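Student: Provided below: query16.tsv, containing TSV, C-alpha atoms.
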```tsv
chain	number	residue	atom	x	y	z
A	1	MET	CA	-77.70	-82.31	3.23
A	2	THR	CA	-76.75	-79.10	1.51
A	3	THR	CA	-75.10	-78.67	-1.82
A	4	PRO	CA	-72.37	-76.13	-2.24
A	5	SER	CA	-73.72	-72.89	-3.58
A	6	PRO	CA	-72.27	-71.89	-6.94
A	7	SER	CA	-69.91	-68.94	-7.08
A	8	PRO	CA	-71.69	-65.69	-7.87
A	9	PRO	CA	-71.25	-64.65	-11.48
A	10	PRO	CA	-68.82	-61.81	-12.07
A	11	ASP	CA	-70.36	-58.39	-12.00
A	12	LEU	CA	-70.11	-57.21	-15.62
A	13	ALA	CA	-70.41	-53.53	-14.74
A	14	SER	CA	-67.64	-53.61	-12.17
A	15	VAL	CA	-65.34	-55.65	-14.43
A	16	ARG	CA	-65.92	-53.19	-17.26
A	17	ARG	CA	-65.31	-50.29	-14.88
A	18	LYS	CA	-61.96	-51.80	-13.97
A	19	LEU	CA	-61.15	-52.11	-17.67
A	20	VAL	CA	-62.00	-48.47	-18.32
A	21	LEU	CA	-59.87	-47.32	-15.37
A	22	ASP	CA	-56.90	-49.35	-16.58
A	23	SER	CA	-57.46	-47.97	-20.08
A	24	LEU	CA	-56.98	-44.40	-18.85
A	25	GLY	CA	-53.30	-45.10	-18.40
A	26	ILE	CA	-53.07	-46.55	-21.90
A	27	ILE	CA	-54.87	-43.55	-23.38
A	28	LEU	CA	-52.24	-41.34	-21.77
A	29	SER	CA	-49.47	-43.63	-22.93
A	30	GLY	CA	-50.76	-43.94	-26.49
A	31	ALA	CA	-51.24	-40.21	-26.93
A	32	GLY	CA	-47.82	-39.40	-25.49
A	33	PHE	CA	-46.04	-42.13	-27.43
A	34	GLY	CA	-47.87	-41.15	-30.61
A	35	PHE	CA	-46.90	-37.54	-30.10
A	36	VAL	CA	-43.24	-38.44	-29.84
A	37	TYR	CA	-43.62	-40.65	-32.92
A	38	GLY	CA	-45.16	-37.87	-35.01
A	39	LEU	CA	-42.51	-35.42	-33.95
A	40	THR	CA	-39.65	-37.85	-34.57
A	41	ALA	CA	-40.99	-38.98	-37.95
A	42	ARG	CA	-41.15	-35.39	-39.13
A	43	THR	CA	-37.82	-34.19	-37.79
A	44	VAL	CA	-35.70	-37.32	-38.39
A	45	ALA	CA	-37.17	-38.82	-41.57
A	46	GLY	CA	-39.03	-35.88	-43.10
A	47	PHE	CA	-42.46	-37.52	-42.99
A	48	SER	CA	-45.42	-35.34	-43.93
A	49	PRO	CA	-48.63	-35.39	-41.86
A	50	ILE	CA	-50.15	-37.71	-44.51
A	51	ASP	CA	-47.19	-40.10	-44.22
A	52	VAL	CA	-47.40	-40.11	-40.42
A	53	MET	CA	-51.14	-40.71	-40.33
A	54	ALA	CA	-50.97	-43.40	-43.03
A	55	MET	CA	-48.27	-45.19	-41.09
A	56	SER	CA	-50.15	-44.92	-37.80
A	57	PHE	CA	-53.46	-46.10	-39.28
A	58	ILE	CA	-52.36	-48.66	-41.86
A	59	ALA	CA	-49.31	-50.20	-40.17
A	60	PHE	CA	-50.52	-49.36	-36.63
A	61	ALA	CA	-47.40	-50.86	-35.09
A	62	GLY	CA	-45.92	-48.46	-32.52
A	63	ALA	CA	-42.40	-49.75	-31.89
A	64	ALA	CA	-42.01	-50.92	-35.49
A	65	GLN	CA	-42.98	-47.45	-36.70
A	66	PHE	CA	-40.23	-45.92	-34.58
A	67	ALA	CA	-37.77	-48.42	-35.98
A	68	ALA	CA	-38.93	-47.60	-39.51
A	69	ILE	CA	-38.04	-43.96	-38.98
A	70	GLY	CA	-34.47	-45.00	-38.24
A	71	TYR	CA	-34.43	-47.35	-41.23
A	72	VAL	CA	-35.72	-44.65	-43.58
A	73	ALA	CA	-33.22	-42.12	-42.25
A	74	ALA	CA	-30.45	-44.71	-42.79
A	75	GLY	CA	-31.59	-45.38	-46.35
A	76	VAL	CA	-32.61	-49.00	-45.80
A	77	PRO	CA	-34.58	-50.41	-48.80
A	78	TRP	CA	-38.33	-50.59	-48.22
A	79	GLY	CA	-38.51	-54.33	-48.78
A	80	VAL	CA	-35.96	-54.84	-46.04
A	81	ILE	CA	-37.91	-52.49	-43.78
A	82	GLY	CA	-40.96	-54.68	-44.39
A	83	ILE	CA	-39.08	-57.83	-43.41
A	84	LEU	CA	-37.62	-56.19	-40.30
A	85	THR	CA	-41.09	-54.96	-39.38
A	86	GLY	CA	-42.40	-58.50	-39.72
A	87	LEU	CA	-39.68	-59.79	-37.41
A	88	LEU	CA	-40.28	-57.07	-34.83
A	89	ASN	CA	-43.99	-57.81	-34.85
A	90	ALA	CA	-43.63	-61.60	-34.82
A	91	ARG	CA	-44.63	-61.54	-31.14
A	92	HIS	CA	-48.18	-60.86	-32.33
A	93	ILE	CA	-48.38	-64.47	-33.48
A	94	LEU	CA	-48.25	-65.40	-29.82
A	95	TYR	CA	-50.84	-62.78	-28.86
A	96	SER	CA	-53.14	-63.88	-31.66
A	97	ALA	CA	-52.97	-67.52	-30.65
A	98	ALA	CA	-53.43	-66.64	-26.97
A	99	ILE	CA	-56.55	-64.56	-27.53
A	100	ALA	CA	-58.09	-66.81	-30.20
A	101	PRO	CA	-59.99	-69.10	-27.79
A	102	TRP	CA	-61.94	-66.11	-26.52
A	103	PHE	CA	-63.04	-65.24	-30.06
A	104	ARG	CA	-64.31	-68.72	-30.82
A	105	GLY	CA	-67.63	-68.48	-32.64
A	106	ARG	CA	-67.31	-64.80	-33.50
A	107	PRO	CA	-67.91	-63.78	-37.15
A	108	PHE	CA	-64.93	-63.99	-39.51
A	109	GLY	CA	-65.16	-60.30	-40.38
A	110	GLU	CA	-65.05	-59.28	-36.75
A	111	ARG	CA	-61.98	-61.45	-36.14
A	112	ALA	CA	-60.30	-60.06	-39.27
A	113	VAL	CA	-60.76	-56.47	-38.11
A	114	ALA	CA	-59.84	-57.36	-34.54
A	115	ALA	CA	-56.55	-58.77	-35.81
A	116	HIS	CA	-55.48	-55.42	-37.24
A	117	LEU	CA	-56.05	-53.80	-33.84
A	118	LEU	CA	-54.21	-56.49	-31.87
A	119	THR	CA	-51.45	-54.48	-30.24
A	120	ASP	CA	-49.49	-55.03	-27.03
A	121	GLU	CA	-51.89	-52.78	-25.17
A	122	ALA	CA	-55.12	-54.15	-26.64
A	123	PHE	CA	-53.97	-57.70	-25.95
A	124	ALA	CA	-53.00	-57.06	-22.34
A	125	LEU	CA	-56.11	-55.10	-21.42
A	126	SER	CA	-58.61	-57.34	-23.19
A	127	ILE	CA	-57.23	-60.69	-22.10
A	128	ALA	CA	-57.08	-59.50	-18.49
A	129	HIS	CA	-60.72	-58.42	-18.87
A	130	PHE	CA	-61.81	-61.76	-20.38
A	131	ARG	CA	-60.08	-63.65	-17.59
A	132	ARG	CA	-61.70	-61.56	-14.90
A	133	LEU	CA	-65.07	-62.08	-16.55
A	134	GLY	CA	-64.52	-65.69	-17.53
A	135	ARG	CA	-65.97	-65.19	-21.00
A	136	PHE	CA	-65.76	-63.05	-24.15
A	137	ASP	CA	-67.14	-59.55	-23.96
A	138	ALA	CA	-67.13	-57.47	-27.16
A	139	PHE	CA	-66.81	-54.25	-25.18
A	140	GLY	CA	-63.76	-55.74	-23.52
A	141	TYR	CA	-61.94	-55.92	-26.84
A	142	TRP	CA	-63.18	-52.97	-28.84
A	143	PHE	CA	-62.96	-50.42	-26.06
A	144	PRO	CA	-59.26	-50.96	-25.33
A	145	ALA	CA	-58.39	-51.55	-29.00
A	146	VAL	CA	-60.16	-48.53	-30.45
A	147	VAL	CA	-60.87	-46.02	-27.69
A	148	ALA	CA	-57.83	-46.63	-25.50
A	149	ASP	CA	-55.27	-47.47	-28.15
A	150	MET	CA	-55.94	-46.55	-31.77
A	151	ILE	CA	-57.65	-43.18	-31.33
A	152	PRO	CA	-55.08	-41.77	-28.85
A	153	TRP	CA	-52.29	-43.12	-31.05
A	154	LEU	CA	-53.71	-41.36	-34.13
A	155	VAL	CA	-54.45	-38.13	-32.29
A	156	GLY	CA	-51.01	-38.15	-30.67
A	157	SER	CA	-49.32	-38.86	-34.00
A	158	LEU	CA	-51.14	-35.99	-35.68
A	159	ALA	CA	-50.40	-33.59	-32.85
A	160	GLY	CA	-46.74	-34.61	-32.88
A	161	VAL	CA	-46.26	-34.01	-36.59
A	162	LEU	CA	-48.24	-30.76	-36.60
A	163	ILE	CA	-47.29	-29.00	-33.36
A	164	GLY	CA	-44.41	-31.08	-32.03
A	165	ASP	CA	-41.91	-28.37	-32.85
A	166	ALA	CA	-43.49	-26.17	-30.21
A	167	ILE	CA	-42.23	-28.54	-27.55
A	168	LEU	CA	-38.49	-28.12	-27.35
A	169	ASP	CA	-37.61	-31.28	-25.46
A	170	PRO	CA	-40.15	-34.12	-25.03
A	171	GLU	CA	-37.77	-35.81	-22.58
A	172	ARG	CA	-38.22	-32.97	-20.11
A	173	LEU	CA	-41.94	-33.84	-20.07
A	174	GLY	CA	-41.18	-37.48	-19.38
A	175	LEU	CA	-42.62	-38.58	-22.73
A	176	ASP	CA	-39.67	-40.88	-23.42
A	177	VAL	CA	-40.45	-43.18	-20.47
A	178	ILE	CA	-44.12	-43.69	-21.33
A	179	PHE	CA	-43.65	-46.70	-23.60
A	180	ALA	CA	-41.44	-48.70	-21.22
A	181	ALA	CA	-43.60	-47.81	-18.21
A	182	ALA	CA	-46.77	-48.80	-20.05
A	183	MET	CA	-45.31	-52.16	-21.12
A	184	ALA	CA	-44.06	-52.90	-17.59
A	185	GLY	CA	-47.36	-51.84	-16.04
A	186	LEU	CA	-49.33	-54.01	-18.45
A	187	ALA	CA	-47.09	-56.96	-17.62
A	188	VAL	CA	-47.85	-56.45	-13.93
A	189	VAL	CA	-51.58	-56.43	-14.72
A	190	LEU	CA	-51.20	-59.88	-16.27
A	191	ILE	CA	-49.15	-61.35	-13.40
A	192	THR	CA	-51.49	-63.29	-11.17
A	193	GLY	CA	-49.32	-66.21	-10.10
A	194	ARG	CA	-45.79	-67.51	-9.75
A	195	ARG	CA	-45.68	-68.79	-13.29
A	196	GLU	CA	-46.48	-65.42	-14.85
A	197	LEU	CA	-43.98	-63.75	-12.53
A	198	VAL	CA	-41.20	-66.15	-13.53
A	199	ALA	CA	-42.14	-65.84	-17.21
A	200	ALA	CA	-41.92	-62.04	-16.96
A	201	ILE	CA	-38.58	-62.02	-15.13
A	202	VAL	CA	-37.02	-64.58	-17.45
A	203	GLY	CA	-38.52	-62.86	-20.50
A	204	ALA	CA	-36.97	-59.54	-19.47
A	205	THR	CA	-33.60	-61.09	-18.63
A	206	VAL	CA	-33.35	-63.11	-21.82
A	207	GLY	CA	-34.65	-60.17	-23.82
A	208	VAL	CA	-31.90	-57.87	-22.59
A	209	ALA	CA	-29.16	-60.49	-22.90
A	210	VAL	CA	-30.06	-61.44	-26.47
A	211	SER	CA	-30.56	-57.79	-27.40
A	212	LEU	CA	-27.01	-57.04	-26.31
A	213	ALA	CA	-25.64	-60.08	-28.12
A	214	VAL	CA	-27.71	-59.88	-31.31
A	215	SER	CA	-30.29	-57.10	-31.64
A	216	PRO	CA	-33.27	-55.71	-29.72
A	217	THR	CA	-35.70	-57.16	-32.27
A	218	VAL	CA	-34.40	-60.69	-31.76
A	219	GLY	CA	-34.12	-60.05	-28.01
A	220	VAL	CA	-37.80	-59.23	-27.55
A	221	ILE	CA	-38.86	-62.31	-29.49
A	222	ALA	CA	-36.39	-64.52	-27.59
A	223	GLY	CA	-37.68	-63.20	-24.27
A	224	GLY	CA	-41.24	-63.84	-25.37
A	225	VAL	CA	-40.46	-67.43	-26.37
A	226	VAL	CA	-38.12	-68.49	-23.54
A	227	GLY	CA	-39.91	-66.72	-20.68
A	228	PRO	CA	-43.15	-68.74	-20.92
A	229	ALA	CA	-41.19	-71.98	-21.39
A	230	VAL	CA	-39.35	-71.44	-18.12
A	231	GLY	CA	-42.55	-70.27	-16.45
A	232	LEU	CA	-44.17	-73.61	-17.26
A	233	LEU	CA	-41.44	-75.39	-15.29
A	234	VAL	CA	-42.51	-73.66	-12.09
A	235	PRO	CA	-44.82	-75.74	-9.92
A	236	ALA	CA	-48.18	-74.03	-9.72
A	237	ALA	CA	-48.98	-72.56	-6.32
A	238	THR	CA	-52.67	-73.35	-6.70
A	239	SER	CA	-54.76	-75.59	-8.87
A	240	GLY	CA	-56.16	-72.44	-10.42
A	241	GLU	CA	-52.80	-71.67	-11.95
A	242	THR	CA	-53.02	-74.65	-14.23
A	243	ALA	CA	-56.75	-74.50	-14.83
A	244	PRO	CA	-57.85	-73.81	-18.39
A	245	ILE	CA	-58.36	-70.14	-19.15
A	246	GLY	CA	-61.93	-69.13	-18.48
A	247	SER	CA	-62.70	-71.92	-16.06
A	248	GLU	CA	-63.93	-71.12	-12.57
A	249	ALA	CA	-60.62	-72.16	-11.05
A	250	SER	CA	-58.58	-69.89	-13.27
A	251	ALA	CA	-60.98	-67.00	-12.74
A	252	ASP	CA	-60.51	-67.34	-8.96
A	253	ARG	CA	-56.99	-66.02	-9.46
A	254	TYR	CA	-58.35	-62.67	-10.42
A	255	GLY	CA	-59.97	-61.78	-7.14
A	256	PRO	CA	-62.85	-62.92	-4.96
A	257	ARG	CA	-65.48	-61.22	-7.08
A	258	HIS	CA	-64.20	-62.71	-10.27
A	259	ALA	CA	-65.55	-66.19	-10.13
A	260	ALA	CA	-66.29	-67.27	-13.64
A	261	SER	CA	-68.85	-69.78	-14.68
A	262	GLU	CA	-68.07	-71.09	-18.14
A	263	PRO	CA	-65.12	-71.90	-20.32
A	264	PRO	CA	-64.83	-69.65	-23.37
A	265	GLU	CA	-66.24	-72.13	-25.82
A	266	GLU	CA	-69.50	-72.37	-23.86
A	267	ALA	CA	-69.73	-68.77	-22.84
A	268	GLU	CA	-72.57	-66.51	-23.76
A	269	ARG	CA	-71.67	-64.45	-26.76
B	1	MET	CA	-48.40	-32.33	-49.15
B	2	SER	CA	-46.17	-35.35	-49.74
B	3	ALA	CA	-47.50	-38.90	-49.54
B	4	GLU	CA	-44.13	-40.44	-50.35
B	5	TYR	CA	-44.17	-42.95	-47.50
B	6	VAL	CA	-47.75	-44.19	-47.79
B	7	PRO	CA	-46.62	-47.22	-49.87
B	8	LEU	CA	-44.12	-48.01	-47.10
B	9	ALA	CA	-47.00	-48.01	-44.61
B	10	ILE	CA	-48.79	-50.55	-46.82
B	11	ILE	CA	-45.66	-52.71	-47.01
B	12	MET	CA	-45.39	-52.65	-43.21
B	13	PHE	CA	-49.05	-53.64	-42.95
B	14	VAL	CA	-48.48	-56.57	-45.32
B	15	PHE	CA	-45.66	-57.82	-43.10
B	16	THR	CA	-47.50	-57.18	-39.82
B	17	TYR	CA	-51.09	-58.28	-40.40
B	18	PRO	CA	-50.42	-62.01	-40.95
B	19	SER	CA	-48.78	-62.39	-37.54
B	20	ARG	CA	-51.75	-60.67	-35.92
B	21	ALA	CA	-54.31	-62.66	-37.85
B	22	VAL	CA	-52.89	-66.18	-37.90
B	23	GLY	CA	-54.27	-67.14	-34.49
B	24	LEU	CA	-57.59	-65.39	-34.88
B	25	LEU	CA	-58.34	-66.57	-38.41
B	26	ALA	CA	-56.68	-69.98	-38.71
B	27	PRO	CA	-59.14	-72.80	-38.09
B	28	ALA	CA	-58.74	-74.95	-34.97
B	29	ILE	CA	-55.82	-73.01	-33.56
B	30	ASP	CA	-58.06	-72.39	-30.56
B	31	ARG	CA	-58.31	-76.13	-29.91
B	32	LEU	CA	-54.70	-76.51	-28.95
B	33	PRO	CA	-53.53	-78.95	-26.25
B	34	ARG	CA	-53.85	-77.77	-22.68
B	35	GLN	CA	-50.08	-77.47	-22.23
B	36	VAL	CA	-49.85	-75.20	-25.25
B	37	LEU	CA	-52.65	-73.02	-23.92
B	38	ALA	CA	-50.81	-72.81	-20.58
B	39	TYR	CA	-47.72	-71.67	-22.48
B	40	LEU	CA	-49.67	-69.05	-24.39
B	41	GLN	CA	-51.11	-67.75	-21.15
B	42	LEU	CA	-47.58	-66.79	-20.10
B	43	VAL	CA	-46.67	-65.07	-23.35
B	44	GLY	CA	-48.17	-61.69	-22.46
B	45	PRO	CA	-46.19	-61.06	-19.26
B	46	ALA	CA	-42.98	-62.33	-20.87
B	47	VAL	CA	-43.20	-60.25	-24.05
B	48	LEU	CA	-44.33	-57.08	-22.30
B	49	ALA	CA	-41.60	-57.39	-19.67
B	50	ALA	CA	-39.03	-57.98	-22.40
B	51	LEU	CA	-40.22	-54.91	-24.31
B	52	ALA	CA	-39.96	-52.73	-21.20
B	53	ALA	CA	-36.57	-54.08	-20.12
B	54	VAL	CA	-35.03	-53.81	-23.56
B	55	ASP	CA	-36.37	-50.28	-23.98
B	56	ILE	CA	-34.72	-48.95	-20.82
B	57	MET	CA	-31.62	-51.15	-20.68
B	58	VAL	CA	-30.46	-51.49	-24.27
B	59	GLY	CA	-29.35	-48.71	-26.55
B	60	VAL	CA	-28.28	-48.97	-30.19
B	61	GLU	CA	-25.66	-46.81	-31.83
B	62	ASN	CA	-24.17	-47.43	-35.27
B	63	GLY	CA	-25.79	-50.86	-35.29
B	64	GLU	CA	-24.12	-51.89	-32.01
B	65	SER	CA	-26.18	-52.69	-28.91
B	66	PHE	CA	-24.98	-51.43	-25.54
B	67	PHE	CA	-26.19	-51.60	-21.95
B	68	LYS	CA	-27.53	-48.35	-20.56
B	69	ILE	CA	-28.51	-47.15	-17.13
B	70	GLY	CA	-30.56	-44.05	-16.55
B	71	LEU	CA	-33.52	-42.27	-15.06
B	72	PRO	CA	-36.05	-44.39	-17.01
B	73	TRP	CA	-35.10	-47.32	-14.76
B	74	LEU	CA	-36.40	-45.44	-11.75
B	75	SER	CA	-39.54	-44.38	-13.59
B	76	VAL	CA	-40.33	-47.93	-14.69
B	77	VAL	CA	-39.64	-49.42	-11.26
B	78	ALA	CA	-41.93	-46.81	-9.72
B	79	CYS	CA	-44.64	-47.68	-12.25
B	80	ILE	CA	-44.31	-51.38	-11.47
B	81	ALA	CA	-44.49	-50.73	-7.72
B	82	VAL	CA	-47.55	-48.51	-7.98
B	83	VAL	CA	-49.42	-50.85	-10.33
B	84	TRP	CA	-48.58	-53.81	-8.09
B	85	TRP	CA	-49.65	-51.95	-4.96
B	86	ARG	CA	-52.68	-50.00	-6.16
B	87	LYS	CA	-53.72	-52.24	-9.09
B	88	ASN	CA	-54.08	-49.05	-11.11
B	89	LEU	CA	-52.18	-48.61	-14.37
B	90	PHE	CA	-53.03	-44.94	-14.72
B	91	LEU	CA	-51.48	-44.11	-11.35
B	92	GLY	CA	-48.42	-46.15	-12.26
B	93	LEU	CA	-47.86	-44.23	-15.49
B	94	ALA	CA	-48.46	-40.93	-13.74
B	95	ALA	CA	-45.82	-41.85	-11.15
B	96	ALA	CA	-43.35	-42.78	-13.90
B	97	ILE	CA	-43.85	-39.48	-15.73
B	98	VAL	CA	-43.61	-37.39	-12.55
B	99	ILE	CA	-40.33	-39.06	-11.62
B	100	ALA	CA	-38.96	-38.45	-15.12
B	101	ILE	CA	-39.98	-34.78	-15.05
B	102	VAL	CA	-38.59	-34.17	-11.56
B	103	GLY	CA	-35.43	-36.13	-12.29
B	104	ARG	CA	-34.74	-34.20	-15.46
B	105	ALA	CA	-35.49	-30.90	-13.72
B	106	LEU	CA	-32.84	-31.85	-11.18
B	107	GLY	CA	-30.38	-32.52	-13.94
B	108	TYR	CA	-30.39	-36.34	-14.08
```
Show me, as C-alpha cells, the structure contained in the file I just sent.
Tutor:
Amino acid sequence: MTTPSPSPPPDLASVRRKLVLDSLGIILSGAGFGFVYGLTARTVAGFSPIDVMAMSFIAFAGAAQFAAIGYVAAGVPWGVIGILTGLLNARHILYSAAIAPWFRGRPFGERAVAAHLLTDEAFALSIAHFRRLGRFDAFGYWFPAVVADMIPWLVGSLAGVLIGDAILDPERLGLDVIFAAAMAGLAVVLITGRRELVAAIVGATVGVAVSLAVSPTVGVIAGGVVGPAVGLLVPAATSGETAPIGSEASADRYGPRHAASEPPEEAER
Amino acid sequence: MSAEYVPLAIIMFVFTYPSRAVGLLAPAIDRLPRQVLAYLQLVGPAVLAALAAVDIMVGVENGESFFKIGLPWLSVVACIAVVWWRKNLFLGLAAAIVIAIVGRALGY
C-alpha cells in the first residue's frame, strides 16, 4: 500500500523571480505616476521640491496626494484635507486586515514600518507572492514596498517637480493612463477564481455608480466593501477557493508549482 | 526653498497611517473567523478594480461627477488582456502606454 506523496514545496527562487518580474511594471508605473504628481503639484498648487518630497515620503499616498493638490488649489482648509485623505485611504483598513495573518509573529517594529509602506501596489504584489509561496517571505514584502513602489515614487516625484516643465504634455507620453492600467493589472494578478472575478466586476461597477451619484472617494470605498460581499455569494468552483489562505488547497489555485505546505501561522519565518 | 506644505504632509500621514496600521498592529485581528478571512481575500481585486474603473470612467468638474469615455478605456482593456494572457504586468503596462501614445499621435 502506498501513501500519497506530498506536494513538492514551492520553489522560492522561481516565486521570487515572478515577483521581481511583476514588480518591473510597478516600478514603471510608480516612476511615471510620481513624475506626473511632481509636475502637477508644482504647476497647479505651487509646491516646492521640499513640499513634493515631504508629501511623497511622509504621506506616501499616491491618489490622495493628487487629490490634495486639487484641495490646496481650491483653498480647502488643511484639517478638512486631512479628513478627506483619511476617507480616501480608508481602503487600507481592508488591506491591513487582509495581510495581517501573514505577518503573525513578526516583530512589532517591523509591522509598524510595514504599515506605512502598505500601498495598493505593495499589497497586491506581496499578497500574491505569499499566496504563491504559502507562507510569509520578508523579501516578498520589502522588495515590492520599497524597491518597486517607494523608491520609484520618490524618484519620479523629484524628477517631475524639477524637470517636469521640459515635457510639454505628459498625456502624449501616455503617463496619464499608467495609474488606471496598473490598478487594473494588479487586480487581474489577484484574480484566481470566480469569486475574485465577481468581486472585481461588482467592485468596479459599484465604484463607478456611487462615484457618479456621490463622489469618487465614496465610490472606491463602496466598491471595495460591496464587491467582496457579492463575491462571497458565488459558489466556489473548487474546494481550493474556500480554503484558508496559505493552506495547500488555496495554494493550488496559483499554479501547479505553487503547492504550499503550511498555513501562515505555522510557516517558517 | 519653501517648506510651506510639509505640515500638510504630516497631517495627511496622521490621517492615513491608522488605517494602514490597524490590521497589522491590532492584537488578534489575524484570528478572525474563516468567513471574514474569505471576505478579506476578495478585497484586493474589488478595490483595485474600483480604483481603475473610477479613474477612467468618472471625471469631476466643479465638484460634480460625470461619466467619461476616452482612450484610457482602450489602454486599460489592453493591459487587462495582456496581463490575463501573458501573466506579465510589465507587458500589460507597456501595452497600455503604447496604445495611449499611438492613439494620441493619431489625434484621439
Student: Considering all atoms listed in the file, return as an mmCIF file with C-alpha atoms, in the coordinates of the input whatever protein or nucleic-acid residues lie within 10 Å of Leu190 in chain A, sequence-local ones (same chain, fewer than 3 positions apart) excluded.
Tutor:
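Result file is out-v2.cif:
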```cif
data_model
loop_
_atom_site.group_PDB
_atom_site.id
_atom_site.type_symbol
_atom_site.label_atom_id
_atom_site.label_comp_id
_atom_site.auth_asym_id
_atom_site.auth_seq_id
_atom_site.Cartn_x
_atom_site.Cartn_y
_atom_site.Cartn_z
ATOM 1 C CA ALA A 124 -53.000 -57.060 -22.340
ATOM 2 C CA LEU A 125 -56.110 -55.100 -21.420
ATOM 3 C CA ILE A 127 -57.230 -60.690 -22.100
ATOM 4 C CA ALA A 128 -57.080 -59.500 -18.490
ATOM 5 C CA HIS A 129 -60.720 -58.420 -18.870
ATOM 6 C CA ARG A 131 -60.080 -63.650 -17.590
ATOM 7 C CA GLY A 185 -47.360 -51.840 -16.040
ATOM 8 C CA LEU A 186 -49.330 -54.010 -18.450
ATOM 9 C CA ALA A 187 -47.090 -56.960 -17.620
ATOM 10 C CA GLY A 193 -49.320 -66.210 -10.100
ATOM 11 C CA GLU A 196 -46.480 -65.420 -14.850
ATOM 12 C CA LEU A 197 -43.980 -63.750 -12.530
ATOM 13 C CA ALA A 200 -41.920 -62.040 -16.960
ATOM 14 C CA TYR A 254 -58.350 -62.670 -10.420
ATOM 15 C CA GLN B 41 -51.110 -67.750 -21.150
ATOM 16 C CA LEU B 42 -47.580 -66.790 -20.100
ATOM 17 C CA VAL B 43 -46.670 -65.070 -23.350
ATOM 18 C CA GLY B 44 -48.170 -61.690 -22.460
ATOM 19 C CA PRO B 45 -46.190 -61.060 -19.260
ATOM 20 C CA ALA B 46 -42.980 -62.330 -20.870
ATOM 21 C CA LEU B 48 -44.330 -57.080 -22.300
#
```
Student: Could you give me the axis-aligned bounding box of range 196-213 of chain A, with 4 Å of padding per side, as centre plus edge lengths in Å to one decimal, as JSON?
Tutor:
```
{"center_x": -36.1, "center_y": -61.6, "center_z": -20.3, "size_x": 28.8, "size_y": 17.1, "size_z": 23.6}
```
Student: Skip range 77-91 of chain B itself and residues of its chain fewer than 3 positions away, then list as an MDAnalysis selection string all residues within 9 Å of it, counting all atoms listed in the file.
Tutor: (chainID A and resid 18 21:28 181:182 184:189) or (chainID B and resid 72:74 94:97 99)
Student: For Arg135 in chain A, which residue among A:Met53, A:Ile99, A:Ala31, A:Met150 is the nearest when counting all atoms listed in the file?
Tutor: A:Ile99
Student: Which residues, written as a PyMOL selection string, have at least one atom at most 7 Å from Arg20 in chain B, with all atoms listed in the file counted and residues fewer than 3 positions away on the same chain left out?
Tutor: (chain A and resi 92-93+96+115-116+118) or (chain B and resi 16-17)
Student: One number please: CA of Gly224 in chain A to CA of Gly207 in chain A, in Å, one decimal.
Tutor: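 A separation of 7.7 Å between them.
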Student: From the options A:Asn89, A:Ser29, A:Val76, A:Ala138, which residue's atoms come nearest to Phe103 in chain A, counting all atoms listed in the file?
Tutor: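 Of A:Asn89, A:Ser29, A:Val76, A:Ala138, the one nearest Phe103 in chain A, counting all atoms listed in the file, is A:Ala138.
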Student: For Val208 in chain A, which residue among A:Ile221, A:Arg195, A:Glu110, A:Ala41 is the nearest when counting only C-alpha atoms?
Tutor: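 Among the listed residues, A:Ile221 lies closest to Val208 in chain A.
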Student: Go ahead and compute the interatomic distance for CA of Leu94 in chain A and CA of Ala26 in chain B, in Å to one decimal.
Tutor: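 Between CA of Leu94 in chain A and CA of Ala26 in chain B the gap is 13.1 Å.
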Student: Pick from B:Met57, B:Ala38, B:Pro33, B:Ala50: nearest to chain A, with all atoms listed in the file counted?
Tutor: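 Residue with the minimum atom-to-atom distance to chain A: B:Ala50.
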Student: Ranking B:Gly103, B:Pro7, B:Gly59, B:Gly23 by minimum distance to chain A and counting only C-alpha atoms, which one comes first?
Tutor: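 Between B:Gly103, B:Pro7, B:Gly59, B:Gly23, the residue approaching chain A most closely is B:Gly23.
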Student: Considering all atoms listed in the file, can you say which of B:Val102, B:Ile69, B:Met12, B:Val60 comes closest to chain A?
Tutor: B:Met12
Student: State, in Å with one decimal place, the distance from CA of Glu4 in chain B to CA of Pro216 in chain A.
Tutor: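 Computing it gives 27.9 Å between the two atoms.
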